[in-house]
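Trainee: Sharing coords23.pdb, PDB, C-alpha atoms:
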MODEL        1
ATOM      1  CA  MET A1362      36.558  -6.757  -7.749  1.00  0.00           C
ATOM      2  CA  PRO A1363      32.770  -6.146  -7.620  1.00  0.00           C
ATOM      3  CA  ILE A1364      30.681  -6.284  -4.459  1.00  0.00           C
ATOM      4  CA  SER A1365      26.985  -7.185  -4.466  1.00  0.00           C
ATOM      5  CA  PRO A1366      24.951  -5.762  -2.972  1.00  0.00           C
ATOM      6  CA  ASN A1367      26.995  -2.658  -2.213  1.00  0.00           C
ATOM      7  CA  GLN A1368      24.622  -1.455   0.498  1.00  0.00           C
ATOM      8  CA  GLY A1369      22.852  -2.923   3.506  1.00  0.00           C
ATOM      9  CA  SER A1370      21.360  -2.383   6.932  1.00  0.00           C
ATOM     10  CA  THR A1371      23.191  -0.445   9.643  1.00  0.00           C
ATOM     11  CA  GLY A1372      22.301  -3.363  11.890  1.00  0.00           C
ATOM     12  CA  GLY A1373      24.335  -5.750   9.750  1.00  0.00           C
ATOM     13  CA  GLY A1374      23.148  -9.166   8.601  1.00  0.00           C
ATOM     14  CA  THR A1375      23.280  -8.491   4.847  1.00  0.00           C
ATOM     15  CA  THR A1376      24.574 -11.332   2.689  1.00  0.00           C
ATOM     16  CA  VAL A1377      27.306  -9.824   0.495  1.00  0.00           C
ATOM     17  CA  THR A1378      29.266 -11.516  -2.297  1.00  0.00           C
ATOM     18  CA  ILE A1379      32.646 -10.189  -3.415  1.00  0.00           C
ATOM     19  CA  THR A1380      34.002 -11.492  -6.735  1.00  0.00           C
ATOM     20  CA  GLY A1381      37.490 -11.301  -8.201  1.00  0.00           C
ATOM     21  CA  THR A1382      40.597 -13.412  -8.617  1.00  0.00           C
ATOM     22  CA  ASN A1383      42.917 -15.259  -6.222  1.00  0.00           C
ATOM     23  CA  LEU A1384      40.322 -15.104  -3.439  1.00  0.00           C
ATOM     24  CA  GLY A1385      40.673 -18.725  -2.320  1.00  0.00           C
ATOM     25  CA  GLY A1386      41.622 -19.337   1.304  1.00  0.00           C
ATOM     26  CA  ALA A1387      40.324 -15.954   2.445  1.00  0.00           C
ATOM     27  CA  THR A1388      41.189 -15.433   6.090  1.00  0.00           C
ATOM     28  CA  ALA A1389      39.361 -12.160   6.712  1.00  0.00           C
ATOM     29  CA  VAL A1390      36.895  -9.751   5.096  1.00  0.00           C
ATOM     30  CA  ARG A1391      36.762  -6.375   6.784  1.00  0.00           C
ATOM     31  CA  PHE A1392      34.056  -3.700   6.604  1.00  0.00           C
ATOM     32  CA  GLY A1393      35.967  -0.709   7.798  1.00  0.00           C
ATOM     33  CA  THR A1394      37.469  -1.840  11.103  1.00  0.00           C
ATOM     34  CA  LYS A1395      34.981  -4.680  11.630  1.00  0.00           C
ATOM     35  CA  THR A1396      35.389  -8.252  10.486  1.00  0.00           C
ATOM     36  CA  ALA A1397      32.574  -9.957   8.571  1.00  0.00           C
ATOM     37  CA  THR A1398      31.579 -13.606   8.909  1.00  0.00           C
ATOM     38  CA  ILE A1399      32.690 -15.643   5.891  1.00  0.00           C
ATOM     39  CA  THR A1400      29.986 -18.111   4.792  1.00  0.00           C
ATOM     40  CA  ALA A1401      31.392 -19.317   1.450  1.00  0.00           C
ATOM     41  CA  ASN A1402      34.712 -19.023  -0.392  1.00  0.00           C
ATOM     42  CA  THR A1403      36.020 -20.013  -3.827  1.00  0.00           C
ATOM     43  CA  PRO A1404      39.017 -18.841  -5.856  1.00  0.00           C
ATOM     44  CA  THR A1405      36.763 -16.237  -7.513  1.00  0.00           C
ATOM     45  CA  SER A1406      34.344 -15.226  -4.755  1.00  0.00           C
ATOM     46  CA  VAL A1407      33.831 -14.675  -1.053  1.00  0.00           C
ATOM     47  CA  THR A1408      30.382 -14.547   0.529  1.00  0.00           C
ATOM     48  CA  VAL A1409      30.010 -12.920   3.924  1.00  0.00           C
ATOM     49  CA  THR A1410      27.461 -11.630   6.389  1.00  0.00           C
ATOM     50  CA  SER A1411      28.035  -7.927   6.933  1.00  0.00           C
ATOM     51  CA  PRO A1412      28.694  -6.601  10.439  1.00  0.00           C
ATOM     52  CA  SER A1413      26.859  -3.567  11.804  1.00  0.00           C
ATOM     53  CA  GLY A1414      28.090  -0.139  10.801  1.00  0.00           C
ATOM     54  CA  THR A1415      27.292   3.355   9.591  1.00  0.00           C
ATOM     55  CA  GLY A1416      28.096   5.518   6.615  1.00  0.00           C
ATOM     56  CA  THR A1417      30.378   4.361   3.800  1.00  0.00           C
ATOM     57  CA  VAL A1418      33.162   1.918   4.667  1.00  0.00           C
ATOM     58  CA  PRO A1419      35.977   0.237   2.697  1.00  0.00           C
ATOM     59  CA  VAL A1420      35.715  -3.535   2.239  1.00  0.00           C
ATOM     60  CA  THR A1421      38.875  -5.594   1.851  1.00  0.00           C
ATOM     61  CA  VAL A1422      39.601  -9.294   1.468  1.00  0.00           C
ATOM     62  CA  THR A1423      42.680 -10.818   3.083  1.00  0.00           C
ATOM     63  CA  THR A1424      44.171 -14.097   1.812  1.00  0.00           C
ATOM     64  CA  PRO A1425      47.553 -15.766   2.333  1.00  0.00           C
ATOM     65  CA  GLY A1426      48.720 -13.667  -0.631  1.00  0.00           C
ATOM     66  CA  GLY A1427      47.884 -10.340   1.010  1.00  0.00           C
ATOM     67  CA  THR A1428      45.049  -7.823   1.260  1.00  0.00           C
ATOM     68  CA  SER A1429      42.981  -6.628  -1.709  1.00  0.00           C
ATOM     69  CA  ASN A1430      42.206  -3.136  -2.850  1.00  0.00           C
ATOM     70  CA  PRO A1431      39.162  -1.659  -1.039  1.00  0.00           C
ATOM     71  CA  LEU A1432      35.572  -1.522  -2.318  1.00  0.00           C
ATOM     72  CA  SER A1433      32.887   0.773  -0.942  1.00  0.00           C
ATOM     73  CA  PHE A1434      29.900  -0.495   1.048  1.00  0.00           C
ATOM     74  CA  PHE A1435      27.095   1.855   2.069  1.00  0.00           C
ATOM     75  CA  TYR A1436      25.203   1.387   5.317  1.00  0.00           C
ATOM     76  CA  VAL A1437      21.520   2.321   5.098  1.00  0.00           C
ATOM     77  CA  GLY A1438      19.296   3.061   8.092  1.00  0.00           C
ATOM     78  CA  ALA A1439      15.887   1.423   8.538  1.00  0.00           C
ATOM     79  CA  PRO A1440      13.003   3.302   6.872  1.00  0.00           C
ATOM     80  CA  PHE A1441      10.601   5.502   8.806  1.00  0.00           C
ATOM     81  CA  LYS A1442       6.950   5.686   7.766  1.00  0.00           C
ATOM     82  CA  SER A1443       4.745   8.590   8.830  1.00  0.00           C
ATOM     83  CA  SER A1444       1.500   8.179   6.858  1.00  0.00           C
ATOM     84  CA  ILE A1445      -0.395   6.167   4.273  1.00  0.00           C
ATOM     85  CA  GLY A1446      -3.304   7.285   2.124  1.00  0.00           C
ATOM     86  CA  PRO A1447      -5.892   6.246   1.328  1.00  0.00           C
ATOM     87  CA  VAL A1448      -6.155   3.995   4.384  1.00  0.00           C
ATOM     88  CA  SER A1449      -8.711   1.575   2.941  1.00  0.00           C
ATOM     89  CA  GLY A1450      -9.744  -0.026  -0.333  1.00  0.00           C
ATOM     90  CA  ALA A1451     -11.327  -2.998  -2.050  1.00  0.00           C
ATOM     91  CA  THR A1452     -10.479  -6.495  -0.868  1.00  0.00           C
ATOM     92  CA  ALA A1453      -9.704  -7.269  -4.511  1.00  0.00           C
ATOM     93  CA  GLY A1454      -6.867  -4.710  -4.372  1.00  0.00           C
ATOM     94  CA  GLY A1455      -5.812  -2.646  -7.357  1.00  0.00           C
ATOM     95  CA  ASN A1456      -5.931   0.883  -5.993  1.00  0.00           C
ATOM     96  CA  THR A1457      -2.821   3.012  -5.527  1.00  0.00           C
ATOM     97  CA  VAL A1458      -1.710   4.234  -2.113  1.00  0.00           C
ATOM     98  CA  THR A1459       0.997   6.704  -1.165  1.00  0.00           C
ATOM     99  CA  ILE A1460       3.338   6.111   1.762  1.00  0.00           C
ATOM    100  CA  ASN A1461       5.244   9.051   3.232  1.00  0.00           C
ATOM    101  CA  GLY A1462       8.239   8.885   5.542  1.00  0.00           C
ATOM    102  CA  SER A1463      12.022   8.894   5.197  1.00  0.00           C
ATOM    103  CA  GLY A1464      14.734   6.480   4.110  1.00  0.00           C
ATOM    104  CA  LEU A1465      12.501   5.085   1.364  1.00  0.00           C
ATOM    105  CA  THR A1466      14.930   5.418  -1.572  1.00  0.00           C
ATOM    106  CA  THR A1467      15.974   1.770  -1.560  1.00  0.00           C
ATOM    107  CA  ALA A1468      12.493   0.334  -0.949  1.00  0.00           C
ATOM    108  CA  THR A1469      12.062  -3.029  -2.662  1.00  0.00           C
ATOM    109  CA  ALA A1470       8.822  -4.349  -1.172  1.00  0.00           C
ATOM    110  CA  VAL A1471       5.678  -3.273   0.659  1.00  0.00           C
ATOM    111  CA  ASN A1472       3.742  -5.916   2.575  1.00  0.00           C
ATOM    112  CA  PHE A1473       0.018  -5.635   3.225  1.00  0.00           C
ATOM    113  CA  GLY A1474      -0.377  -8.375   5.786  1.00  0.00           C
ATOM    114  CA  ALA A1475       1.015 -11.474   4.057  1.00  0.00           C
ATOM    115  CA  ALA A1476       0.642 -10.037   0.537  1.00  0.00           C
ATOM    116  CA  THR A1477       3.658  -8.368  -1.091  1.00  0.00           C
ATOM    117  CA  ALA A1478       3.734  -5.582  -3.689  1.00  0.00           C
ATOM    118  CA  THR A1479       6.604  -3.840  -5.482  1.00  0.00           C
ATOM    119  CA  PRO A1480       6.627  -0.067  -4.869  1.00  0.00           C
ATOM    120  CA  THR A1481       7.508   2.867  -7.103  1.00  0.00           C
ATOM    121  CA  VAL A1482       9.943   5.188  -5.290  1.00  0.00           C
ATOM    122  CA  VAL A1483       9.080   8.846  -5.850  1.00  0.00           C
ATOM    123  CA  ASN A1484      11.859  10.175  -3.622  1.00  0.00           C
ATOM    124  CA  ASP A1485      13.466   9.432  -0.270  1.00  0.00           C
ATOM    125  CA  GLY A1486      10.327  10.641   1.506  1.00  0.00           C
ATOM    126  CA  GLN A1487       7.603   9.075  -0.607  1.00  0.00           C
ATOM    127  CA  LEU A1488       6.631   5.975  -2.535  1.00  0.00           C
ATOM    128  CA  THR A1489       3.509   4.711  -4.257  1.00  0.00           C
ATOM    129  CA  VAL A1490       2.325   1.129  -4.510  1.00  0.00           C
ATOM    130  CA  THR A1491      -0.560  -0.783  -6.067  1.00  0.00           C
ATOM    131  CA  VAL A1492      -2.374  -2.632  -3.304  1.00  0.00           C
ATOM    132  CA  PRO A1493      -2.392  -6.428  -3.728  1.00  0.00           C
ATOM    133  CA  ALA A1494      -5.540  -8.465  -3.156  1.00  0.00           C
ATOM    134  CA  GLY A1495      -6.311  -9.169   0.482  1.00  0.00           C
ATOM    135  CA  ALA A1496      -7.190 -12.523   1.997  1.00  0.00           C
ATOM    136  CA  ALA A1497     -10.309 -11.078   3.666  1.00  0.00           C
ATOM    137  CA  ALA A1498     -11.950  -7.835   4.675  1.00  0.00           C
ATOM    138  CA  GLY A1499     -10.400  -6.119   7.690  1.00  0.00           C
ATOM    139  CA  PRO A1500      -7.252  -4.266   8.795  1.00  0.00           C
ATOM    140  CA  VAL A1501      -3.729  -5.481   8.035  1.00  0.00           C
ATOM    141  CA  GLY A1502      -0.314  -4.187   8.991  1.00  0.00           C
ATOM    142  CA  VAL A1503       1.759  -2.414   6.334  1.00  0.00           C
ATOM    143  CA  SER A1504       5.543  -2.811   6.281  1.00  0.00           C
ATOM    144  CA  VAL A1505       8.195  -1.339   3.969  1.00  0.00           C
ATOM    145  CA  THR A1506      11.426  -3.203   3.246  1.00  0.00           C
ATOM    146  CA  THR A1507      14.542  -1.303   2.140  1.00  0.00           C
ATOM    147  CA  ALA A1508      18.252  -2.023   2.071  1.00  0.00           C
ATOM    148  CA  GLY A1509      18.252  -0.714   5.643  1.00  0.00           C
ATOM    149  CA  GLY A1510      15.681  -3.178   6.929  1.00  0.00           C
ATOM    150  CA  THR A1511      11.939  -3.443   7.463  1.00  0.00           C
ATOM    151  CA  ASN A1512       9.714  -1.010   9.339  1.00  0.00           C
ATOM    152  CA  ASN A1513       6.131  -1.563  10.453  1.00  0.00           C
ATOM    153  CA  GLY A1514       3.582   0.639  12.166  1.00  0.00           C
ATOM    154  CA  LEU A1515       0.985   1.536   9.532  1.00  0.00           C
ATOM    155  CA  SER A1516      -2.396  -0.076   8.914  1.00  0.00           C
ATOM    156  CA  TYR A1517      -4.588  -0.554   5.840  1.00  0.00           C
ATOM    157  CA  THR A1518      -8.168  -1.823   5.853  1.00  0.00           C
ATOM    158  CA  TYR A1519      -9.555  -4.088   3.151  1.00  0.00           C
ATOM    159  CA  VAL A1520     -13.244  -3.440   2.465  1.00  0.00           C
ATOM    160  CA  ASP A1521     -15.685  -5.797   0.736  1.00  0.00           C
ATOM    161  CA  VAL A1522     -17.900  -4.512  -2.090  1.00  0.00           C
ATOM    162  CA  PRO A1523     -21.198  -3.091  -0.754  1.00  0.00           C
ATOM    163  CA  THR A1524     -24.609  -4.612  -1.402  1.00  0.00           C
ATOM    164  CA  ILE A1525     -28.012  -2.922  -1.544  1.00  0.00           C
ATOM    165  CA  GLY A1526     -31.015  -4.643  -0.021  1.00  0.00           C
ATOM    166  CA  THR A1527     -33.990  -2.270   0.106  1.00  0.00           C
ATOM    167  CA  LEU A1528     -34.874   1.403  -0.313  1.00  0.00           C
ATOM    168  CA  ASN A1529     -37.654   2.725   1.879  1.00  0.00           C
ATOM    169  CA  PRO A1530     -39.555   4.496   0.461  1.00  0.00           C
ATOM    170  CA  ASN A1531     -38.619   3.566  -3.111  1.00  0.00           C
ATOM    171  CA  SER A1532     -40.548   6.397  -4.762  1.00  0.00           C
ATOM    172  CA  GLY A1533     -41.086  10.115  -4.336  1.00  0.00           C
ATOM    173  CA  PRO A1534     -41.657  13.390  -6.171  1.00  0.00           C
ATOM    174  CA  ALA A1535     -39.498  14.392  -9.127  1.00  0.00           C
ATOM    175  CA  SER A1536     -38.686  17.590  -7.267  1.00  0.00           C
ATOM    176  CA  GLY A1537     -36.624  15.550  -4.773  1.00  0.00           C
ATOM    177  CA  GLY A1538     -36.475  15.981  -1.021  1.00  0.00           C
ATOM    178  CA  THR A1539     -37.597  12.486  -0.053  1.00  0.00           C
ATOM    179  CA  VAL A1540     -35.721  10.985   2.886  1.00  0.00           C
ATOM    180  CA  VAL A1541     -34.842   7.422   1.915  1.00  0.00           C
ATOM    181  CA  THR A1542     -33.359   4.698   4.099  1.00  0.00           C
ATOM    182  CA  ILE A1543     -31.088   2.332   2.183  1.00  0.00           C
ATOM    183  CA  THR A1544     -30.274  -0.993   3.821  1.00  0.00           C
ATOM    184  CA  GLY A1545     -27.538  -3.358   2.706  1.00  0.00           C
ATOM    185  CA  THR A1546     -23.984  -4.273   3.731  1.00  0.00           C
ATOM    186  CA  ASN A1547     -20.494  -2.752   3.908  1.00  0.00           C
ATOM    187  CA  PHE A1548     -21.666   0.880   3.965  1.00  0.00           C
ATOM    188  CA  SER A1549     -19.198   2.199   6.582  1.00  0.00           C
ATOM    189  CA  THR A1550     -16.816   3.767   4.038  1.00  0.00           C
ATOM    190  CA  THR A1551     -19.520   5.193   1.756  1.00  0.00           C
ATOM    191  CA  GLN A1552     -18.144   7.967  -0.435  1.00  0.00           C
ATOM    192  CA  SER A1553     -21.184   8.833  -2.560  1.00  0.00           C
ATOM    193  CA  VAL A1554     -24.799   7.968  -3.297  1.00  0.00           C
ATOM    194  CA  VAL A1555     -26.100   8.827  -6.768  1.00  0.00           C
ATOM    195  CA  PHE A1556     -29.690   8.824  -8.035  1.00  0.00           C
ATOM    196  CA  GLY A1557     -29.529   8.498 -11.799  1.00  0.00           C
ATOM    197  CA  VAL A1558     -26.647  10.880 -12.518  1.00  0.00           C
ATOM    198  CA  THR A1559     -27.165  13.245  -9.576  1.00  0.00           C
ATOM    199  CA  PRO A1560     -25.240  12.930  -6.282  1.00  0.00           C
ATOM    200  CA  ALA A1561     -27.406  12.964  -3.180  1.00  0.00           C
ATOM    201  CA  PRO A1562     -26.593  14.154   0.362  1.00  0.00           C
ATOM    202  CA  PHE A1563     -26.313  11.172   2.716  1.00  0.00           C
ATOM    203  CA  SER A1564     -25.452  10.072   6.247  1.00  0.00           C
ATOM    204  CA  VAL A1565     -23.984   6.720   7.164  1.00  0.00           C
ATOM    205  CA  ILE A1566     -26.060   5.401  10.062  1.00  0.00           C
ATOM    206  CA  SER A1567     -24.245   2.078  10.335  1.00  0.00           C
ATOM    207  CA  ASP A1568     -22.438  -0.485   8.229  1.00  0.00           C
ATOM    208  CA  THR A1569     -25.862  -1.665   7.045  1.00  0.00           C
ATOM    209  CA  THR A1570     -27.858   1.574   6.820  1.00  0.00           C
ATOM    210  CA  ILE A1571     -27.601   4.871   4.930  1.00  0.00           C
ATOM    211  CA  SER A1572     -30.013   7.790   5.162  1.00  0.00           C
ATOM    212  CA  VAL A1573     -30.204   9.864   1.978  1.00  0.00           C
ATOM    213  CA  VAL A1574     -32.242  12.789   0.663  1.00  0.00           C
ATOM    214  CA  THR A1575     -33.240  12.374  -2.972  1.00  0.00           C
ATOM    215  CA  PRO A1576     -32.064  15.082  -5.377  1.00  0.00           C
ATOM    216  CA  PRO A1577     -34.451  16.415  -7.991  1.00  0.00           C
ATOM    217  CA  THR A1578     -34.335  14.832 -11.439  1.00  0.00           C
ATOM    218  CA  PRO A1579     -32.128  16.857 -13.822  1.00  0.00           C
ATOM    219  CA  ASP A1580     -35.017  17.777 -16.132  1.00  0.00           C
ATOM    220  CA  GLY A1581     -37.886  17.464 -13.674  1.00  0.00           C
ATOM    221  CA  ALA A1582     -39.231  14.431 -15.540  1.00  0.00           C
ATOM    222  CA  PRO A1583     -40.677  11.467 -13.607  1.00  0.00           C
ATOM    223  CA  GLY A1584     -39.532   7.877 -14.056  1.00  0.00           C
ATOM    224  CA  PRO A1585     -37.207   5.225 -12.601  1.00  0.00           C
ATOM    225  CA  ALA A1586     -33.619   5.979 -11.626  1.00  0.00           C
ATOM    226  CA  ASP A1587     -30.670   3.747 -10.794  1.00  0.00           C
ATOM    227  CA  VAL A1588     -29.275   4.167  -7.302  1.00  0.00           C
ATOM    228  CA  ILE A1589     -25.495   3.794  -7.015  1.00  0.00           C
ATOM    229  CA  VAL A1590     -23.638   3.505  -3.712  1.00  0.00           C
ATOM    230  CA  THR A1591     -19.843   3.865  -3.863  1.00  0.00           C
ATOM    231  CA  THR A1592     -17.548   2.935  -0.975  1.00  0.00           C
ATOM    232  CA  SER A1593     -13.838   2.266  -0.514  1.00  0.00           C
ATOM    233  CA  GLY A1594     -14.658  -1.322  -1.428  1.00  0.00           C
ATOM    234  CA  GLY A1595     -16.298  -0.501  -4.771  1.00  0.00           C
ATOM    235  CA  SER A1596     -19.726   0.366  -6.167  1.00  0.00           C
ATOM    236  CA  VAL A1597     -23.105  -1.341  -6.271  1.00  0.00           C
ATOM    237  CA  THR A1598     -26.117  -0.354  -8.378  1.00  0.00           C
ATOM    238  CA  ALA A1599     -29.787  -0.883  -7.632  1.00  0.00           C
ATOM    239  CA  ASP A1600     -31.206  -0.842 -11.159  1.00  0.00           C
ATOM    240  CA  ASP A1601     -34.323   1.369 -11.264  1.00  0.00           C
ATOM    241  CA  GLY A1602     -34.107   1.374  -7.477  1.00  0.00           C
ATOM    242  CA  PHE A1603     -36.077   4.605  -7.019  1.00  0.00           C
ATOM    243  CA  THR A1604     -39.036   5.911  -9.004  1.00  0.00           C
ATOM    244  CA  TYR A1605     -39.628   9.632  -9.385  1.00  0.00           C
ATOM    245  CA  LEU A1606     -43.347  10.399  -9.462  1.00  0.00           C
ATOM    246  CA  ALA A1607     -45.129  13.060 -11.496  1.00  0.00           C
ATOM    247  CA  GLY A1608     -46.818  15.813  -9.540  1.00  0.00           C
ATOM    248  CA  PRO A1609     -50.560  16.348  -9.703  1.00  0.00           C
ATOM    249  CA  GLY A1610     -52.088  18.584 -12.336  1.00  0.00           C
ATOM    250  CA  ILE A1611     -55.421  20.385 -12.432  1.00  0.00           C
TER     251      ILE A1611
ENDMDL
END
What is this file in structure tokens?
Mentor:
Amino acid sequence: MPISPNQGSTGGGTTVTITGTNLGGATAVRFGTKTATITANTPTSVTVTSPSGTGTVPVTVTTPGGTSNPLSFFYVGAPFKSSIGPVSGATAGGNTVTINGSGLTTATAVNFGAATATPTVVNDGQLTVTVPAGAAAGPVGVSVTTAGGTNNGLSYTYVDVPTIGTLNPNSGPASGGTVVTITGTNFSTTQSVVFGVTPAPFSVISDTTISVVTPPTPDGAPGPADVIVTTSGGSVTADDGFTYLAGPGI
């Protein structure tokens, strides 16, 4: 006589189907000492709503012909989430985040706002999940659903891809050291600014402004260089956005 599912929330409310023979006319289904609510019954199955409980309990079906052998049902507590990382990413989704907590073994879904993703359970204290696309930039609540229920309390921020407007100045010596102001959009989560192939030190002034100090060119040669800004929302390139100038010669 199988039972499906064989685990559910300590708070009760799980729809459970028991299959077997001679189950018609069931008068009671008990989870340990508690009686479940019967919602459907045929000669080969009984569907019930589980009562609240803890631990592992025997489940029996009683009909006019007697009481069945017991099956085991496992009560699972609601999950607890302690952290999520990274806490932001592209509105298009696709990056992997890690959620830490406890009671995560039976996780079946992670919701980012209204969008749902299927997690990979690492162990009872950790899972990973690929972030689904978001409806718009901004923070959303993150919830984890397990056999024990759903728990909220974490937040994830969707970030739009950055754009570059202007660089001022847009040229300077090949030896580097020029302070450049980059204007654009969605710069708050900037992770790197690269001139050509060389990372540059930067400061985020606002969501629309970055201050950066140009690095020297790798070989000291003048010429144009692409400028690449990378944020949690993705990367944008200003093709030939900065020109390294040759120094004077006598």
Trainee: Hey, what's within 10 Å of A:Val1490 if we count only C-alpha atoms and toss same-chain stuff fewer than 5 positions away? As an NGL selection string, please?
Mentor: :A and (1455-1460 or 1470-1471 or 1478-1482)
Trainee: Determine, using all atoms listed in the file, which residues of stretch 1452-1553 of chain A have any atom at most 12 Å from an atom of stretch 1559-1572 of chain A, and tabulate each with its shortest atom pair and distance in Å to one decimal place, rows ordered by chain and then rising number, as CSV.
Mentor:
residue,atom,partner,partner_atom,distance
A:Val1520,CA,A:Asp1568,CA,11.2
A:Asp1521,CA,A:Asp1568,CA,11.4
A:Val1522,CA,A:Asp1568,CA,12.0
A:Pro1523,CA,A:Thr1569,CA,9.2
A:Thr1524,CA,A:Thr1569,CA,9.0
A:Ile1525,CA,A:Thr1569,CA,8.9
A:Gly1526,CA,A:Thr1569,CA,9.2
A:Thr1527,CA,A:Thr1570,CA,9.9
A:Leu1528,CA,A:Ile1571,CA,9.6
A:Asn1529,CA,A:Ser1572,CA,9.7
A:Pro1530,CA,A:Ser1572,CA,11.1
A:Gly1537,CA,A:Ala1561,CA,9.7
A:Gly1538,CA,A:Ala1561,CA,9.8
A:Thr1539,CA,A:Ser1572,CA,10.3
A:Val1540,CA,A:Ser1572,CA,6.9
A:Val1541,CA,A:Ser1572,CA,5.8
A:Thr1542,CA,A:Ser1572,CA,4.7
A:Ile1543,CA,A:Ile1571,CA,5.1
A:Thr1544,CA,A:Thr1570,CA,4.6
A:Gly1545,CA,A:Thr1569,CA,4.9
A:Thr1546,CA,A:Thr1569,CA,4.6
A:Asn1547,CA,A:Asp1568,CA,5.3
A:Phe1548,CA,A:Asp1568,CA,4.5
A:Ser1549,CA,A:Asp1568,CA,4.5
A:Thr1550,CA,A:Asp1568,CA,8.2
A:Thr1551,CA,A:Val1565,CA,7.2
A:Gln1552,CA,A:Phe1563,CA,9.3
A:Ser1553,CA,A:Pro1560,CA,6.9
Trainee: Keeping C-alpha atoms, export the residues of the selection given above as an mmCIF file, in the frame of the given file.
Mentor:
data_model
loop_
_atom_site.group_PDB
_atom_site.id
_atom_site.type_symbol
_atom_site.label_atom_id
_atom_site.label_comp_id
_atom_site.auth_asym_id
_atom_site.auth_seq_id
_atom_site.Cartn_x
_atom_site.Cartn_y
_atom_site.Cartn_z
ATOM 1 C CA VAL A 1520 -13.244 -3.440 2.465
ATOM 2 C CA ASP A 1521 -15.685 -5.797 0.736
ATOM 3 C CA VAL A 1522 -17.900 -4.512 -2.090
ATOM 4 C CA PRO A 1523 -21.198 -3.091 -0.754
ATOM 5 C CA THR A 1524 -24.609 -4.612 -1.402
ATOM 6 C CA ILE A 1525 -28.012 -2.922 -1.544
ATOM 7 C CA GLY A 1526 -31.015 -4.643 -0.021
ATOM 8 C CA THR A 1527 -33.990 -2.270 0.106
ATOM 9 C CA LEU A 1528 -34.874 1.403 -0.313
ATOM 10 C CA ASN A 1529 -37.654 2.725 1.879
ATOM 11 C CA PRO A 1530 -39.555 4.496 0.461
ATOM 12 C CA GLY A 1537 -36.624 15.550 -4.773
ATOM 13 C CA GLY A 1538 -36.475 15.981 -1.021
ATOM 14 C CA THR A 1539 -37.597 12.486 -0.053
ATOM 15 C CA VAL A 1540 -35.721 10.985 2.886
ATOM 16 C CA VAL A 1541 -34.842 7.422 1.915
ATOM 17 C CA THR A 1542 -33.359 4.698 4.099
ATOM 18 C CA ILE A 1543 -31.088 2.332 2.183
ATOM 19 C CA THR A 1544 -30.274 -0.993 3.821
ATOM 20 C CA GLY A 1545 -27.538 -3.358 2.706
ATOM 21 C CA THR A 1546 -23.984 -4.273 3.731
ATOM 22 C CA ASN A 1547 -20.494 -2.752 3.908
ATOM 23 C CA PHE A 1548 -21.666 0.880 3.965
ATOM 24 C CA SER A 1549 -19.198 2.199 6.582
ATOM 25 C CA THR A 1550 -16.816 3.767 4.038
ATOM 26 C CA THR A 1551 -19.520 5.193 1.756
ATOM 27 C CA GLN A 1552 -18.144 7.967 -0.435
ATOM 28 C CA SER A 1553 -21.184 8.833 -2.560
#
Trainee: Show me the residues close to (-5.5, -8.2, -4.8) - anything with an atom within 8 Å, counting all atoms listed in the file - and format the list as a VMD selection string.
Mentor: chain A and resid 1452 to 1455 1492 to 1495
Trainee: Return as lines of an AutoDock Vina configuration file the centre and edge lengths, in Å with one decimal, of the box along x, y and z that encloses every atom of stretch 1511-1530 of chain A in the file, padded by 5 Å per side.
Mentor:
center_x = -13.8
center_y = -0.7
center_z = 5.0
size_x = 61.5
size_y = 20.3
size_z = 24.3
Trainee: Could you tell me, as a list in words, exactly which residues end up selected when the PyMOL selection byres ((chain A and resi 1511) around 12) is applied to this structure?
Mentor: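 Selected by the PyMOL selection byres ((chain A and resi 1511) around 12) here: Gly1369, Ser1370, Thr1371, Gly1372, Val1437, Gly1438, Ala1439, Pro1440, Phe1441, Lys1442, Gly1464, Leu1465, Thr1467, Ala1468, Thr1469, Ala1470, Val1471, Asn1472, Val1503, Ser1504, Val1505, Thr1506, Thr1507, Ala1508, Gly1509, Gly1510, Asn1512, Asn1513 and Gly1514 of chain A.
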Trainee: What is the atom CA of A:Gly1462-atom CA of A:Gln1487 distance in Å, reported with one decimal?
Mentor: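 Value for the atom CA of A:Gly1462-atom CA of A:Gln1487 distance: 6.2 Å.
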Trainee: A:Gly1373: which residues within 9 Å, counting only C-alpha atoms, same-chain residues fewer than 4 positions away excluded, as a PyMOL selection string?
Mentor: chain A and resi 1369+1410-1414+1436+1509
Trainee: Just say which residues the PyMOL selection byres ((chain A and resi 1598) around 9) picks in this file, as an MDAnalysis selection string.
Mentor: chainID A and resid 1524:1525 1587:1591 1596:1597 1599:1602
Trainee: Given the selection you just returned, output its residues as a file containing C-alpha atoms, formatted as a PDB file, in the frame of the given file.
Mentor:
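Contents of the output file again31.pdb:
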ATOM      1  CA  THR A1524     -24.609  -4.612  -1.402  1.00  0.00           C
ATOM      2  CA  ILE A1525     -28.012  -2.922  -1.544  1.00  0.00           C
ATOM      3  CA  ASP A1587     -30.670   3.747 -10.794  1.00  0.00           C
ATOM      4  CA  VAL A1588     -29.275   4.167  -7.302  1.00  0.00           C
ATOM      5  CA  ILE A1589     -25.495   3.794  -7.015  1.00  0.00           C
ATOM      6  CA  VAL A1590     -23.638   3.505  -3.712  1.00  0.00           C
ATOM      7  CA  THR A1591     -19.843   3.865  -3.863  1.00  0.00           C
ATOM      8  CA  SER A1596     -19.726   0.366  -6.167  1.00  0.00           C
ATOM      9  CA  VAL A1597     -23.105  -1.341  -6.271  1.00  0.00           C
ATOM     10  CA  ALA A1599     -29.787  -0.883  -7.632  1.00  0.00           C
ATOM     11  CA  ASP A1600     -31.206  -0.842 -11.159  1.00  0.00           C
ATOM     12  CA  ASP A1601     -34.323   1.369 -11.264  1.00  0.00           C
ATOM     13  CA  GLY A1602     -34.107   1.374  -7.477  1.00  0.00           C
TER      14      GLY A1602
END
Trainee: Under the PyMOL selection byres ((chain A and resi 1403-1407) around 9), which residues of this model are included? Write them out as a PyMOL selection string.
Mentor: chain A and resi 1377-1387+1390+1399-1402+1408-1409+1422
